[in-house]
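> One structure coming up, written as structure tokens, with questions to follow.
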Amino acid sequence: MDIIEAIKSRKSIRAYKDKPIPKDIIEELLEISVRAPSALNTQPWEFAVITGDVLKKIMEDNVKSLEGGSMPNPDVQPVFFEGEYKKRQVDLAKQLYGLLEITKEDKEKRTEWTKQGFRFFNAPSVIIIYSDKSLSEGGSMYDAGAIAQTIALVALKYGLGTCVQSQGILFPEVIRKYADIPDTKRLIICITIGYPDMDFPANKLVTDRVKAKDITKWYGM
Ligand SMILES: Cc1cc2nc3c(=O)[nH]c(=O)nc-3n(C[C@H](O)[C@H](O)[C@H](O)COP(=O)(O)O)c2cc1C
């Protein structure tokens, strides 16, 4: 697949076919993706690939934590958006709920959709990107972003869809219960990955973008 076509066609996939991804494909995908750039080539990323029964247990415990009213305490604290950024967040939710035909009043369906996020959209595999806490949060976050996008693009070569996701690791204690990632490591982000179910309405969403020309200033030209 051509690089421009890959960048243009990548989008978040929030439902997957019930089909496991062969281990060698994920191995190859990660081996290619570590060509991503990082500050001073520090390569701060480490991966936990979670699948099968372990993933099922994490999905269940994530949802139990949510239902039990546990306060999320992610290793990377979430940002709360305001102004234009808040509007974009709300627009995304409206578009997703619109496609899913979930109304504002339908609290039950909204809660169920939220739970789907905590179940990693039932993806067959999840890649958690983490880094050592001795590294600065800002630096390793930047590098994690670079590798996350690289993984999402390389995944397309194998017919795989992805969703970069912070929701699934909001309860890091659940992840650590089943995957022995020590406390000295910071869980940064996860990527749900699998063969896309393109019949699922939310997978039809193509999100908006502000035109680059509207946010670019030119100097010296
Ligand atoms: C850091 C980060 C965290 C995200 N967390 C979530 C999430 O928790 N749940 C979700 O459904 N999508 C999540 N997304 C996906 C974004 O909503 C998505 O990338 C954005 O709406 C643009 O849509 P696109 O990926 O289809 O182009 C996240 C994306 C990023 C980069």
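Labels used: A, B, ... for chains in the order of the structure tokens, numbers from 1 for residues in each chain, and numbers from 1 for ligands as shown.
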Which of segment 1-207 of chain A end up as strand (DSSP E or B) when DSSP is run on this backbone - answer as a ChimeraX atom specification?
/A:12,16,46-51,125-132,161-165,185-194,196
> Could the residues in this selection be saved with C-alpha atoms as a CSV table (one decimal), in the first residue's frame?

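File selection30.csv, as written:
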```csv
chain,number,residue,atom,x,y,z
A,12,SER,CA,-10.0,4.3,14.2
A,16,TYR,CA,-13.5,-6.4,15.0
A,46,GLU,CA,8.3,-1.3,25.4
A,47,PHE,CA,5.3,-3.4,24.4
A,48,ALA,CA,2.9,-5.7,26.1
A,49,VAL,CA,0.9,-7.7,23.5
A,50,ILE,CA,-2.2,-9.1,25.2
A,51,THR,CA,-4.6,-11.6,23.7
A,125,SER,CA,-5.3,-8.3,20.6
A,126,VAL,CA,-4.2,-5.2,22.4
A,127,ILE,CA,-0.7,-3.6,22.3
A,128,ILE,CA,0.1,-1.6,25.3
A,129,ILE,CA,3.0,0.9,24.9
A,130,TYR,CA,4.9,1.7,28.1
A,131,SER,CA,8.1,3.2,29.0
A,132,ASP,CA,10.5,3.5,32.0
A,161,GLY,CA,-7.4,-2.1,11.8
A,162,THR,CA,-6.5,-0.2,15.0
A,163,CYS,CA,-7.7,2.2,17.5
A,164,VAL,CA,-5.2,4.2,19.6
A,165,GLN,CA,-6.9,4.1,23.0
A,185,LYS,CA,7.1,1.5,34.0
A,186,ARG,CA,4.6,4.0,32.8
A,187,LEU,CA,1.6,2.7,30.8
A,188,ILE,CA,1.3,5.4,28.1
A,189,ILE,CA,-1.3,4.2,25.6
A,190,CYS,CA,-2.8,1.1,24.1
A,191,ILE,CA,-3.7,0.1,20.6
A,192,THR,CA,-6.6,-2.2,19.9
A,193,ILE,CA,-5.9,-4.3,16.8
A,194,GLY,CA,-7.7,-6.8,14.7
A,196,PRO,CA,-12.1,-4.7,11.0
```
> Hey, which residues sit close to ligand 1? Say within 10 Å, counting only C-alpha atoms and all ligand atoms, and write them as an mmCIF file with N, CA, C and O atoms, in the first residue's frame.

```cif
data_model
loop_
_atom_site.group_PDB
_atom_site.id
_atom_site.type_symbol
_atom_site.label_atom_id
_atom_site.label_comp_id
_atom_site.auth_asym_id
_atom_site.auth_seq_id
_atom_site.Cartn_x
_atom_site.Cartn_y
_atom_site.Cartn_z
ATOM 1 N N ILE A 7 -1.926 6.666 4.941
ATOM 2 C CA ILE A 7 -2.203 7.782 5.870
ATOM 3 C C ILE A 7 -3.651 8.249 5.710
ATOM 4 O O ILE A 7 -4.351 8.493 6.698
ATOM 5 N N LYS A 8 -4.087 8.326 4.447
ATOM 6 C CA LYS A 8 -5.456 8.823 4.209
ATOM 7 C C LYS A 8 -6.519 7.808 4.609
ATOM 8 O O LYS A 8 -7.619 8.178 5.000
ATOM 9 N N SER A 9 -6.223 6.531 4.508
ATOM 10 C CA SER A 9 -7.272 5.536 4.784
ATOM 11 C C SER A 9 -7.291 5.069 6.241
ATOM 12 O O SER A 9 -8.278 4.500 6.694
ATOM 13 N N ARG A 10 -6.215 5.302 6.980
ATOM 14 C CA ARG A 10 -6.229 4.883 8.387
ATOM 15 C C ARG A 10 -7.315 5.626 9.153
ATOM 16 O O ARG A 10 -7.495 6.825 9.004
ATOM 17 N N LYS A 11 -8.056 4.891 9.929
ATOM 18 C CA LYS A 11 -9.033 5.519 10.814
ATOM 19 C C LYS A 11 -9.264 4.587 11.990
ATOM 20 O O LYS A 11 -8.907 3.397 11.935
ATOM 21 N N SER A 12 -9.827 5.111 13.046
ATOM 22 C CA SER A 12 -10.030 4.291 14.241
ATOM 23 C C SER A 12 -11.096 3.238 13.986
ATOM 24 O O SER A 12 -12.184 3.549 13.487
ATOM 25 N N ILE A 13 -10.780 2.010 14.355
ATOM 26 C CA ILE A 13 -11.692 0.872 14.183
ATOM 27 C C ILE A 13 -12.162 0.442 15.565
ATOM 28 O O ILE A 13 -11.358 0.139 16.441
ATOM 29 N N ARG A 14 -13.487 0.435 15.747
ATOM 30 C CA ARG A 14 -14.053 0.179 17.086
ATOM 31 C C ARG A 14 -14.942 -1.070 17.134
ATOM 32 O O ARG A 14 -15.766 -1.206 18.012
ATOM 33 N N PRO A 78 -5.186 12.145 32.438
ATOM 34 C CA PRO A 78 -5.863 12.680 31.255
ATOM 35 C C PRO A 78 -5.943 14.209 31.260
ATOM 36 O O PRO A 78 -5.872 14.836 32.314
ATOM 37 N N ARG A 88 -14.583 19.898 19.578
ATOM 38 C CA ARG A 88 -14.209 18.782 18.686
ATOM 39 C C ARG A 88 -14.484 17.439 19.359
ATOM 40 O O ARG A 88 -14.910 16.481 18.719
ATOM 41 N N GLN A 89 -14.238 17.401 20.674
ATOM 42 C CA GLN A 89 -14.500 16.165 21.428
ATOM 43 C C GLN A 89 -15.996 15.836 21.384
ATOM 44 O O GLN A 89 -16.390 14.692 21.135
ATOM 45 N N ASP A 91 -18.178 16.938 19.173
ATOM 46 C CA ASP A 91 -18.557 16.606 17.783
ATOM 47 C C ASP A 91 -18.279 15.128 17.489
ATOM 48 O O ASP A 91 -19.092 14.452 16.856
ATOM 49 N N LEU A 92 -17.119 14.652 17.959
ATOM 50 C CA LEU A 92 -16.774 13.239 17.725
ATOM 51 C C LEU A 92 -17.806 12.323 18.381
ATOM 52 O O LEU A 92 -18.304 11.379 17.761
ATOM 53 N N ALA A 93 -18.147 12.652 19.639
ATOM 54 C CA ALA A 93 -19.131 11.819 20.360
ATOM 55 C C ALA A 93 -20.464 11.830 19.620
ATOM 56 O O ALA A 93 -21.096 10.779 19.439
ATOM 57 N N GLN A 95 -21.002 12.320 16.444
ATOM 58 C CA GLN A 95 -20.902 11.545 15.202
ATOM 59 C C GLN A 95 -20.971 10.043 15.496
ATOM 60 O O GLN A 95 -21.675 9.291 14.820
ATOM 61 N N LEU A 96 -20.241 9.623 16.535
ATOM 62 C CA LEU A 96 -20.233 8.194 16.883
ATOM 63 C C LEU A 96 -21.620 7.732 17.334
ATOM 64 O O LEU A 96 -22.143 6.731 16.838
ATOM 65 N N TRP A 113 -21.960 1.393 25.525
ATOM 66 C CA TRP A 113 -20.917 1.773 24.564
ATOM 67 C C TRP A 113 -19.619 2.125 25.298
ATOM 68 O O TRP A 113 -18.518 1.766 24.864
ATOM 69 N N THR A 114 -19.769 2.817 26.436
ATOM 70 C CA THR A 114 -18.574 3.141 27.237
ATOM 71 C C THR A 114 -17.880 1.852 27.665
ATOM 72 O O THR A 114 -16.652 1.725 27.584
ATOM 73 N N GLN A 116 -17.863 -0.917 26.142
ATOM 74 C CA GLN A 116 -17.176 -1.499 24.987
ATOM 75 C C GLN A 116 -15.752 -0.960 24.865
ATOM 76 O O GLN A 116 -14.838 -1.687 24.493
ATOM 77 N N GLY A 117 -15.597 0.326 25.190
ATOM 78 C CA GLY A 117 -14.247 0.913 25.181
ATOM 79 C C GLY A 117 -13.357 0.230 26.215
ATOM 80 O O GLY A 117 -12.199 -0.090 25.954
ATOM 81 N N PHE A 118 -13.938 -0.031 27.400
ATOM 82 C CA PHE A 118 -13.153 -0.684 28.456
ATOM 83 C C PHE A 118 -12.904 -2.163 28.125
ATOM 84 O O PHE A 118 -12.066 -2.799 28.738
ATOM 85 N N PHE A 120 -11.924 -2.870 25.151
ATOM 86 C CA PHE A 120 -11.050 -2.725 23.966
ATOM 87 C C PHE A 120 -11.814 -3.056 22.690
ATOM 88 O O PHE A 120 -11.260 -3.647 21.757
ATOM 89 N N PHE A 121 -13.084 -2.725 22.664
ATOM 90 C CA PHE A 121 -13.943 -2.975 21.489
ATOM 91 C C PHE A 121 -13.884 -4.441 21.050
ATOM 92 O O PHE A 121 -13.993 -4.749 19.862
ATOM 93 N N MET A 141 6.215 10.423 25.912
ATOM 94 C CA MET A 141 4.871 10.522 25.311
ATOM 95 C C MET A 141 4.987 10.861 23.834
ATOM 96 O O MET A 141 4.269 10.319 23.007
ATOM 97 N N ALA A 144 6.120 7.815 22.057
ATOM 98 C CA ALA A 144 5.035 6.820 22.025
ATOM 99 C C ALA A 144 4.032 7.193 20.932
ATOM 100 O O ALA A 144 3.483 6.312 20.251
ATOM 101 N N GLY A 145 3.803 8.486 20.754
ATOM 102 C CA GLY A 145 2.897 8.937 19.689
ATOM 103 C C GLY A 145 3.436 8.548 18.320
ATOM 104 O O GLY A 145 2.694 8.075 17.460
ATOM 105 N N ALA A 148 3.043 4.823 17.920
ATOM 106 C CA ALA A 148 1.626 4.424 17.822
ATOM 107 C C ALA A 148 1.115 4.642 16.396
ATOM 108 O O ALA A 148 0.466 3.764 15.812
ATOM 109 N N GLN A 149 1.415 5.789 15.828
ATOM 110 C CA GLN A 149 0.965 6.063 14.454
ATOM 111 C C GLN A 149 1.655 5.118 13.473
ATOM 112 O O GLN A 149 1.032 4.628 12.528
ATOM 113 N N ALA A 152 -0.100 1.840 13.651
ATOM 114 C CA ALA A 152 -1.430 1.933 13.014
ATOM 115 C C ALA A 152 -1.310 1.895 11.493
ATOM 116 O O ALA A 152 -2.156 1.304 10.807
ATOM 117 N N THR A 162 -6.962 -0.590 13.633
ATOM 118 C CA THR A 162 -6.495 -0.246 14.983
ATOM 119 C C THR A 162 -7.328 0.895 15.560
ATOM 120 O O THR A 162 -7.964 1.647 14.823
ATOM 121 N N CYS A 163 -7.281 1.009 16.867
ATOM 122 C CA CYS A 163 -7.743 2.245 17.519
ATOM 123 C C CYS A 163 -6.742 2.561 18.626
ATOM 124 O O CYS A 163 -6.558 1.760 19.550
ATOM 125 N N VAL A 164 -6.078 3.692 18.498
ATOM 126 C CA VAL A 164 -5.223 4.166 19.587
ATOM 127 C C VAL A 164 -6.175 4.525 20.716
ATOM 128 O O VAL A 164 -7.182 5.194 20.490
ATOM 129 N N GLN A 165 -5.885 4.048 21.927
ATOM 130 C CA GLN A 165 -6.918 4.134 22.968
ATOM 131 C C GLN A 165 -6.312 4.367 24.343
ATOM 132 O O GLN A 165 -5.376 3.664 24.747
ATOM 133 N N SER A 166 -6.858 5.358 25.036
ATOM 134 C CA SER A 166 -6.395 5.582 26.416
ATOM 135 C C SER A 166 -7.341 4.921 27.430
ATOM 136 O O SER A 166 -6.940 4.600 28.551
ATOM 137 N N GLN A 167 -8.597 4.720 26.991
ATOM 138 C CA GLN A 167 -9.642 4.189 27.876
ATOM 139 C C GLN A 167 -9.254 2.845 28.519
ATOM 140 O O GLN A 167 -9.431 2.650 29.721
ATOM 141 N N GLY A 168 -8.718 1.947 27.700
ATOM 142 C CA GLY A 168 -8.466 0.579 28.161
ATOM 143 C C GLY A 168 -7.427 0.461 29.261
ATOM 144 O O GLY A 168 -7.365 -0.549 29.961
ATOM 145 N N ILE A 169 -6.601 1.512 29.432
ATOM 146 C CA ILE A 169 -5.566 1.443 30.483
ATOM 147 C C ILE A 169 -5.843 2.471 31.592
ATOM 148 O O ILE A 169 -4.941 2.851 32.330
ATOM 149 N N LEU A 170 -7.107 2.894 31.691
ATOM 150 C CA LEU A 170 -7.458 3.854 32.755
ATOM 151 C C LEU A 170 -7.352 3.217 34.141
ATOM 152 O O LEU A 170 -7.243 3.912 35.149
ATOM 153 N N ILE A 188 1.541 4.101 28.835
ATOM 154 C CA ILE A 188 1.265 5.376 28.139
ATOM 155 C C ILE A 188 -0.023 5.306 27.328
ATOM 156 O O ILE A 188 -0.886 6.167 27.438
ATOM 157 N N ILE A 189 -0.139 4.294 26.518
ATOM 158 C CA ILE A 189 -1.288 4.234 25.603
ATOM 159 C C ILE A 189 -1.462 2.777 25.169
ATOM 160 O O ILE A 189 -0.517 1.998 25.281
ATOM 161 N N CYS A 190 -2.652 2.435 24.709
ATOM 162 C CA CYS A 190 -2.782 1.097 24.125
ATOM 163 C C CYS A 190 -3.382 1.222 22.727
ATOM 164 O O CYS A 190 -3.938 2.260 22.359
ATOM 165 N N ILE A 191 -3.204 0.158 21.971
ATOM 166 C CA ILE A 191 -3.737 0.119 20.606
ATOM 167 C C ILE A 191 -4.542 -1.169 20.462
ATOM 168 O O ILE A 191 -3.996 -2.266 20.632
ATOM 169 N N THR A 192 -5.825 -1.019 20.207
ATOM 170 C CA THR A 192 -6.632 -2.208 19.922
ATOM 171 C C THR A 192 -6.353 -2.575 18.472
ATOM 172 O O THR A 192 -6.200 -1.701 17.612
ATOM 173 N N ALA A 202 -20.136 2.347 13.457
ATOM 174 C CA ALA A 202 -19.143 3.350 13.891
ATOM 175 C C ALA A 202 -17.847 3.251 13.085
ATOM 176 O O ALA A 202 -17.085 4.220 13.014
ATOM 177 N N ASN A 203 -17.614 2.096 12.469
ATOM 178 C CA ASN A 203 -16.401 1.950 11.654
ATOM 179 C C ASN A 203 -16.504 2.680 10.318
ATOM 180 O O ASN A 203 -15.541 2.752 9.565
ATOM 181 N N LYS A 204 -17.696 3.212 10.035
ATOM 182 C CA LYS A 204 -17.859 3.961 8.797
ATOM 183 C C LYS A 204 -17.440 5.432 8.977
ATOM 184 O O LYS A 204 -17.331 6.180 8.012
ATOM 185 N N LEU A 205 -17.209 5.808 10.243
ATOM 186 C CA LEU A 205 -16.907 7.225 10.524
ATOM 187 C C LEU A 205 -15.571 7.656 9.904
ATOM 188 O O LEU A 205 -14.551 7.004 10.082
ATOM 189 N N VAL A 206 -15.643 8.769 9.179
ATOM 190 C CA VAL A 206 -14.418 9.438 8.727
ATOM 191 C C VAL A 206 -14.429 10.790 9.422
ATOM 192 O O VAL A 206 -15.284 11.628 9.147
ATOM 193 N N THR A 207 -13.524 10.970 10.368
ATOM 194 C CA THR A 207 -13.564 12.176 11.207
ATOM 195 C C THR A 207 -13.089 13.407 10.431
ATOM 196 O O THR A 207 -12.362 13.296 9.453
ATOM 197 N N ASP A 208 -13.522 14.572 10.914
ATOM 198 C CA ASP A 208 -13.170 15.844 10.271
ATOM 199 C C ASP A 208 -11.737 16.235 10.611
ATOM 200 O O ASP A 208 -11.195 15.801 11.621
ATOM 201 N N ARG A 209 -11.193 17.107 9.808
ATOM 202 C CA ARG A 209 -9.922 17.736 10.128
ATOM 203 C C ARG A 209 -9.993 19.216 9.771
ATOM 204 O O ARG A 209 -10.622 19.579 8.759
#
```
> DSSP on the backbone: which residues in segment 71-211 of chain A end up as helix (DSSP H, G or I)? Give the answer as a ChimeraX atom specification.
/A:83-99,107-118,120-122,137-157,167-169,172-178,201-204
> For Glu173 of chain A, find every residue with an atom within 12 Å (counting only C-alpha atoms), except residues of its own chain fewer than 3 positions away, and show them as a PyMOL selection string.
chain A and resi 58+61-62+65+70-75+168-170+176-183+186-187
> Find the residue from A:Lys104, A:Ala6, A:Gly83, A:Asn122 that sits nearest to Lys56 of chain A; use only C-alpha atoms when measuring.
A:Asn122
> Report the distance between atom CA of Glu84 of chain A and atom CA of Ile215 of chain A in Å, rounded to one decimal place.
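Those two atoms sit 13.3 Å apart.
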> Identify which of the residues A:Ala39, A:Val90, A:Val154, A:Ile175 lies closest to Tyr142 of chain A, counting only C-alpha atoms when measuring atom-to-atom distances.
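Smallest separation from Tyr142 of chain A among the options: A:Ala39.
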> Enter the distance from atom CA of Asp106 of chain A to atom CA of Glu67 of chain A, in Å, rounded to one decimal.
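Between these atoms lies a distance of 17.4 Å.
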> Please compute the atom CA of Thr42 of chain A-atom CA of Pro172 of chain A distance, one decimal, in Å.
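The value is 24.3 Å.
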> With a distance cut-off of 8 Å and only C-alpha atoms, select the neighbouring residues of Ser140 of chain A, excluding the residue or stretch itself and same-chain residues fewer than 3 positions from it, and output the selection as a PyMOL selection string.
chain A and resi 44-45+131+135-137+143-144
> Keeping all heavy atoms for every residue in the selection just given, could you write it to a file as a PDB file, in the first residue's frame?

```pdb
ATOM      1  N   PRO A  44      12.272   4.789  23.765  1.00  0.00           N
ATOM      2  CA  PRO A  44      11.799   4.539  25.125  1.00  0.00           C
ATOM      3  C   PRO A  44      10.659   3.519  25.221  1.00  0.00           C
ATOM      4  O   PRO A  44      10.241   3.148  26.310  1.00  0.00           O
ATOM      5  CB  PRO A  44      11.309   5.919  25.575  1.00  0.00           C
ATOM      6  CG  PRO A  44      10.890   6.585  24.314  1.00  0.00           C
ATOM      7  CD  PRO A  44      11.857   6.106  23.264  1.00  0.00           C
ATOM      8  N   TRP A  45      10.163   3.070  24.072  1.00  0.00           N
ATOM      9  CA  TRP A  45       8.972   2.219  24.075  1.00  0.00           C
ATOM     10  C   TRP A  45       9.264   0.769  24.449  1.00  0.00           C
ATOM     11  O   TRP A  45      10.303   0.209  24.144  1.00  0.00           O
ATOM     12  CB  TRP A  45       8.313   2.263  22.700  1.00  0.00           C
ATOM     13  CG  TRP A  45       9.301   2.165  21.571  1.00  0.00           C
ATOM     14  CD1 TRP A  45      10.080   1.083  21.233  1.00  0.00           C
ATOM     15  CD2 TRP A  45       9.654   3.200  20.645  1.00  0.00           C
ATOM     16  NE1 TRP A  45      10.878   1.380  20.162  1.00  0.00           N
ATOM     17  CE2 TRP A  45      10.637   2.658  19.770  1.00  0.00           C
ATOM     18  CE3 TRP A  45       9.234   4.510  20.446  1.00  0.00           C
ATOM     19  CZ2 TRP A  45      11.207   3.397  18.727  1.00  0.00           C
ATOM     20  CZ3 TRP A  45       9.798   5.238  19.411  1.00  0.00           C
ATOM     21  CH2 TRP A  45      10.769   4.682  18.566  1.00  0.00           C
ATOM     22  N   SER A 131       6.740   2.834  28.989  1.00  0.00           N
ATOM     23  CA  SER A 131       8.150   3.227  29.020  1.00  0.00           C
ATOM     24  C   SER A 131       8.605   3.350  30.469  1.00  0.00           C
ATOM     25  O   SER A 131       7.765   3.369  31.390  1.00  0.00           O
ATOM     26  CB  SER A 131       8.366   4.545  28.271  1.00  0.00           C
ATOM     27  OG  SER A 131       7.760   5.583  28.968  1.00  0.00           O
ATOM     28  N   LEU A 135      12.400   8.029  32.594  1.00  0.00           N
ATOM     29  CA  LEU A 135      12.410   8.961  31.462  1.00  0.00           C
ATOM     30  C   LEU A 135      11.350  10.033  31.687  1.00  0.00           C
ATOM     31  O   LEU A 135      10.342   9.779  32.346  1.00  0.00           O
ATOM     32  CB  LEU A 135      12.096   8.205  30.172  1.00  0.00           C
ATOM     33  CG  LEU A 135      13.088   7.091  29.829  1.00  0.00           C
ATOM     34  CD1 LEU A 135      12.477   6.111  28.844  1.00  0.00           C
ATOM     35  CD2 LEU A 135      14.364   7.685  29.283  1.00  0.00           C
ATOM     36  N   SER A 136      11.589  11.215  31.101  1.00  0.00           N
ATOM     37  CA  SER A 136      10.598  12.281  31.304  1.00  0.00           C
ATOM     38  C   SER A 136       9.289  11.886  30.628  1.00  0.00           C
ATOM     39  O   SER A 136       9.291  11.261  29.560  1.00  0.00           O
ATOM     40  CB  SER A 136      11.105  13.602  30.738  1.00  0.00           C
ATOM     41  OG  SER A 136      10.788  13.694  29.374  1.00  0.00           O
ATOM     42  N   GLU A 137       8.182  12.254  31.280  1.00  0.00           N
ATOM     43  CA  GLU A 137       6.870  11.885  30.736  1.00  0.00           C
ATOM     44  C   GLU A 137       6.670  12.517  29.362  1.00  0.00           C
ATOM     45  O   GLU A 137       6.251  11.854  28.424  1.00  0.00           O
ATOM     46  CB  GLU A 137       5.763  12.321  31.702  1.00  0.00           C
ATOM     47  CG  GLU A 137       4.401  11.843  31.243  1.00  0.00           C
ATOM     48  CD  GLU A 137       3.315  12.069  32.286  1.00  0.00           C
ATOM     49  OE1 GLU A 137       3.553  11.750  33.465  1.00  0.00           O
ATOM     50  OE2 GLU A 137       2.248  12.579  31.908  1.00  0.00           O
ATOM     51  N   ASP A 143       7.478  10.218  21.832  1.00  0.00           N
ATOM     52  CA  ASP A 143       7.989   9.051  21.107  1.00  0.00           C
ATOM     53  C   ASP A 143       6.920   7.959  21.010  1.00  0.00           C
ATOM     54  O   ASP A 143       6.821   7.263  19.999  1.00  0.00           O
ATOM     55  CB  ASP A 143       9.251   8.514  21.798  1.00  0.00           C
ATOM     56  CG  ASP A 143      10.364   9.559  21.814  1.00  0.00           C
ATOM     57  OD1 ASP A 143      10.345  10.456  20.947  1.00  0.00           O
ATOM     58  OD2 ASP A 143      11.234   9.496  22.705  1.00  0.00           O
ATOM     59  N   ALA A 144       6.120   7.815  22.057  1.00  0.00           N
ATOM     60  CA  ALA A 144       5.035   6.820  22.025  1.00  0.00           C
ATOM     61  C   ALA A 144       4.032   7.193  20.932  1.00  0.00           C
ATOM     62  O   ALA A 144       3.483   6.312  20.251  1.00  0.00           O
ATOM     63  CB  ALA A 144       4.336   6.747  23.380  1.00  0.00           C
TER      64      ALA A 144
END
```
